Amino acid sequence: MARELFTARLARKECISEVAQCYHFDFVIDQLESFPYAPGQFVSAVAPDANGKVQTRAYSIASAANSNRFELCVNRVEDGFFSNHLADLPDLPIGGTIQVHGPHGHFILQQPITDSILVATGTGVAPMRAMAQWLFPPEDGPNAGPDRSDGKQIWLVYGTRHESDIYYKEEFEALARRKPNFHYLPTLSRGLDSWEGLRGHVQVHVTRIVEERAARLGLPLPQPAPDPAIPKADLNFDIYTYICGLNFMVSGVRDLLAAFGWHRKQIVFERYD
Ligand SMILES: Cc1cc2nc3c(=O)[nH]c(=O)nc-3n(C[C@H](O)[C@H](O)[C@H](O)COP(=O)(O)OP(=O)(O)OC[C@H]3O[C@@H](n4cnc5c(N)ncnc54)[C@H](O)[C@@H]3O)c2cc1C
């Protein structure tokens, strides 16, 4: 079945890290009044390359649903076609356009909302930003809405090499100040001596969160496996982990959670490569 293509107009583009060549994009779909999706989903962007061959790439939406708009966070990949096409797209005075179809994907928050560990590296933070915006909408302004976190603990563990690549840092810091149940943990694998925050790979900090939570709640670790007699649809977990980024990180975090006895259904992930 042919997928409906929408024309998305670039309303704003901002380079959010010169070093990593990472860009934030605001797009508008003028032909639609609203473009609904679940936080965590992606759009498929379509454009012809220099040889006229139509190329399609997936990009996670970096914002919670908001009328006919959506945001992306994309870094240039050396010699890559689509990431450079986006980064070079003109914005003002008249925005360049791309074609998109979607939304797509199953990387979405499980209901009801539980304690959740969001783990991302690089532009894998994009769907986490959408999830955080959906869980904790602003208290006033056009996007104001009720807190949807149900008081659950939400950790965002964000790993990157350098301080300059901590995308949306001020936004997440402001959210952590506003919401005591949102915990923001950026960690650097190659931080300078001047970096006073967390260090090491995301795995170190996910381990600490899981161990400290189990100790605080008096839960055993490793977790006991659920009774195999319980049908899959009836498995009710009190915590999920959502992981997004390149495959080597995603597999590393999945392996460590499996060693803690986590069920594979408790680990929701999106791989970019
Ligand atoms: C579900 C999903 C969501 C995604 N969301 C995002 C997003 O929000 N932001 C984003 O920047 N990317 C995202 N990606 C990756 C994106 O789809 C493209 O793969 C990426 O932009 C590279 O495309 P390209 O055309 O520039 O490079 P290509 O011409 O396709 O590839 C060039 C080479 O770079 C490698 N490569 C691909 N992606 C990366 C990467 N991220 N880092 C390093 N090397 C890479 C490829 O394996 C290939 O060898 C997502 C991928 C998936 C599957």
# chains A, B, ... in the order shown; residues from 1 in each chain; ligands from 1
>>> select_by_dssp(residues="region 26-173 of chain A", states="strand (DSSP E)", output="ChimeraX atom specification")
/A:26-28,42-48,54-60,69-75,97-104,115-121,154-160
>>> closest_atom_pairs(of="chain A", to="ligand 1", cutoff="6 Å", atoms="only C-alpha atoms and all ligand atoms", output="CSV")
residue,atom,partner,partner_atom_place_in_ligand_line,distance
A:Phe42,CA,ligand 1,3 (C),6.0
A:Arg57,CA,ligand 1,17 (O),4.3
A:Ala58,CA,ligand 1,17 (O),4.1
A:Tyr59,CA,ligand 1,5 (N),3.4
A:Ser60,CA,ligand 1,8 (O),3.9
A:Cys73,CA,ligand 1,9 (N),5.2
A:Val74,CA,ligand 1,11 (O),3.3
A:Asn75,CA,ligand 1,11 (O),4.5
A:Val77,CA,ligand 1,26 (O),5.0
A:Asp79,CA,ligand 1,32 (C),6.0
A:Gly80,CA,ligand 1,27 (O),3.2
A:Phe81,CA,ligand 1,25 (O),3.8
A:Phe82,CA,ligand 1,25 (O),3.6
A:Ser83,CA,ligand 1,26 (O),3.7
A:Asn84,CA,ligand 1,26 (O),5.8
A:Thr123,CA,ligand 1,9 (N),4.9
A:Ala126,CA,ligand 1,8 (O),5.4
A:Arg271,CA,ligand 1,53 (C),5.8
A:Tyr272,CA,ligand 1,51 (C),3.7
A:Asp273,CA,ligand 1,38 (N),5.4
>>> select_by_dssp(residues="region 59-155 of chain A", states="alpha helix (DSSP H)", output="PyMOL selection string")
chain A and resi 82-87+125-135
>>> closest_residue(among="A:Ser44, A:Ser164, A:Gln111, A:Gln266", to="Leu192 (chain A)", atoms="only C-alpha atoms")
A:Ser164
>>> closest_atom_pairs(of="region 66-114 of chain A", to="region 8-31 of chain A", cutoff="7 Å", atoms="only C-alpha atoms", output="tab-separated table")
residue	atom	partner	partner_atom	distance
A:Asn68	CA	A:Ile29	CA	5.5
A:Arg69	CA	A:Val28	CA	4.5
A:Phe70	CA	A:Phe27	CA	5.4
A:Glu71	CA	A:Asp26	CA	4.5
A:Leu72	CA	A:Phe25	CA	5.0
A:Cys73	CA	A:His24	CA	4.6
A:Val74	CA	A:Tyr23	CA	5.4
A:Asn75	CA	A:Cys22	CA	4.0
A:Arg76	CA	A:Gln21	CA	5.7
A:Ala87	CA	A:Tyr23	CA	6.6
A:Asp91	CA	A:Leu10	CA	5.6
A:Gly95	CA	A:Leu10	CA	4.6
A:Gly96	CA	A:Leu10	CA	5.6
A:Thr97	CA	A:Arg9	CA	4.5
A:Ile98	CA	A:Ala8	CA	5.4
A:Gln99	CA	A:Ala8	CA	6.0
A:Val100	CA	A:Ala8	CA	6.8
>>> write_last_selection(atoms="C-alpha atoms", output="mmCIF file, in the first residue's frame")
data_model
loop_
_atom_site.group_PDB
_atom_site.id
_atom_site.type_symbol
_atom_site.label_atom_id
_atom_site.label_comp_id
_atom_site.auth_asym_id
_atom_site.auth_seq_id
_atom_site.Cartn_x
_atom_site.Cartn_y
_atom_site.Cartn_z
ATOM 1 C CA ASN A 68 1.112 20.260 12.719
ATOM 2 C CA ARG A 69 4.727 20.621 13.837
ATOM 3 C CA PHE A 70 7.542 18.211 14.652
ATOM 4 C CA GLU A 71 11.194 18.592 15.564
ATOM 5 C CA LEU A 72 14.262 16.544 14.657
ATOM 6 C CA CYS A 73 17.796 16.258 16.012
ATOM 7 C CA VAL A 74 20.288 15.014 13.427
ATOM 8 C CA ASN A 75 24.052 14.927 13.229
ATOM 9 C CA ARG A 76 26.049 14.953 10.024
ATOM 10 C CA ALA A 87 21.977 19.903 7.653
ATOM 11 C CA ASP A 91 15.621 27.609 6.577
ATOM 12 C CA GLY A 95 12.308 27.053 4.441
ATOM 13 C CA GLY A 96 13.432 24.155 2.300
ATOM 14 C CA THR A 97 11.124 21.161 2.258
ATOM 15 C CA ILE A 98 11.409 17.423 2.679
ATOM 16 C CA GLN A 99 8.860 14.691 2.144
ATOM 17 C CA VAL A 100 8.007 12.485 5.106
#
>>> residues_around(residues="region 150-153 of chain A", least_positions_apart="2", cutoff="12 Å", atoms="only C-alpha atoms", output="VMD selection string")
chain A and resid 111 to 118 132 135 to 136 146 to 148 155 to 156 176 179 to 184 209 to 210 213 238 to 241
>>> write_last_selection(atoms="C-alpha atoms", output="PDB file, in the first residue's frame")
ATOM      1  CA  GLN A 111       1.150   2.065  29.764  1.00  0.00           C
ATOM      2  CA  PRO A 112       0.527   2.551  32.604  1.00  0.00           C
ATOM      3  CA  ILE A 113       3.603   4.709  33.199  1.00  0.00           C
ATOM      4  CA  THR A 114       6.072   3.049  35.574  1.00  0.00           C
ATOM      5  CA  ASP A 115       9.455   4.023  36.958  1.00  0.00           C
ATOM      6  CA  SER A 116      11.541   4.339  33.775  1.00  0.00           C
ATOM      7  CA  ILE A 117      15.199   4.544  32.871  1.00  0.00           C
ATOM      8  CA  LEU A 118      15.752   6.355  29.567  1.00  0.00           C
ATOM      9  CA  ALA A 132      10.140  13.915  28.575  1.00  0.00           C
ATOM     10  CA  LEU A 135       5.478  13.197  30.531  1.00  0.00           C
ATOM     11  CA  PHE A 136       6.146  16.683  31.870  1.00  0.00           C
ATOM     12  CA  PRO A 146      -1.122  17.878  33.058  1.00  0.00           C
ATOM     13  CA  ASP A 147       1.890  15.976  34.384  1.00  0.00           C
ATOM     14  CA  ARG A 148       1.586  12.434  32.972  1.00  0.00           C
ATOM     15  CA  TRP A 155      15.891   8.812  34.924  1.00  0.00           C
ATOM     16  CA  LEU A 156      17.528  10.090  31.747  1.00  0.00           C
ATOM     17  CA  ALA A 176      15.038  18.323  36.634  1.00  0.00           C
ATOM     18  CA  LYS A 179      10.233  18.034  38.577  1.00  0.00           C
ATOM     19  CA  PRO A 180      11.810  16.216  41.535  1.00  0.00           C
ATOM     20  CA  ASN A 181      10.917  12.815  39.986  1.00  0.00           C
ATOM     21  CA  PHE A 182      12.910  13.581  36.801  1.00  0.00           C
ATOM     22  CA  HIS A 183      16.597  12.763  37.197  1.00  0.00           C
ATOM     23  CA  TYR A 184      19.028  13.955  34.551  1.00  0.00           C
ATOM     24  CA  ILE A 209      20.292   3.178  39.364  1.00  0.00           C
ATOM     25  CA  VAL A 210      19.097  -0.444  39.267  1.00  0.00           C
ATOM     26  CA  ARG A 213      16.481   1.255  43.526  1.00  0.00           C
ATOM     27  CA  ASP A 238       7.055  -1.872  37.839  1.00  0.00           C
ATOM     28  CA  ILE A 239      10.010  -0.520  35.846  1.00  0.00           C
ATOM     29  CA  TYR A 240      11.021  -0.349  32.177  1.00  0.00           C
ATOM     30  CA  THR A 241      14.193   0.753  30.441  1.00  0.00           C
TER      31      THR A 241
END
>>> atom_distance(atom1="CA of Pro186 (chain A)", atom2="CA of Glu173 (chain A)")
9.8 Å
>>> closest_residue(among="A:Gly141, A:Ala258, A:Gly197, A:Pro103", to="Arg3 (chain A)", atoms="only C-alpha atoms")
A:Pro103
>>> closest_residue(among="A:Phe260, A:Leu246, A:Phe35, A:Val119", to="Ala214 (chain A)", atoms="only C-alpha atoms")
A:Phe260
>>> atom_distance(atom1="CA of Tyr37 (chain A)", atom2="CA of Tyr242 (chain A)")
17.5 Å
>>> residues_around(residues="region 158-162 of chain A", least_positions_apart="4", cutoff="10 Å", atoms="only C-alpha atoms", output="PyMOL selection string")
chain A and resi 19-20+118-125+128+166-167+169+184-192+195+198-203+205+244-245+249
>>> residues_around(residues="Ala130 (chain A)", least_positions_apart="3", cutoff="6 Å", atoms="only C-alpha atoms", output="ChimeraX atom specification")
/A:39,62-64,127,133
>>> atom_distance(atom1="CA of Asp234 (chain A)", atom2="CA of Gln41 (chain A)")
24.2 Å
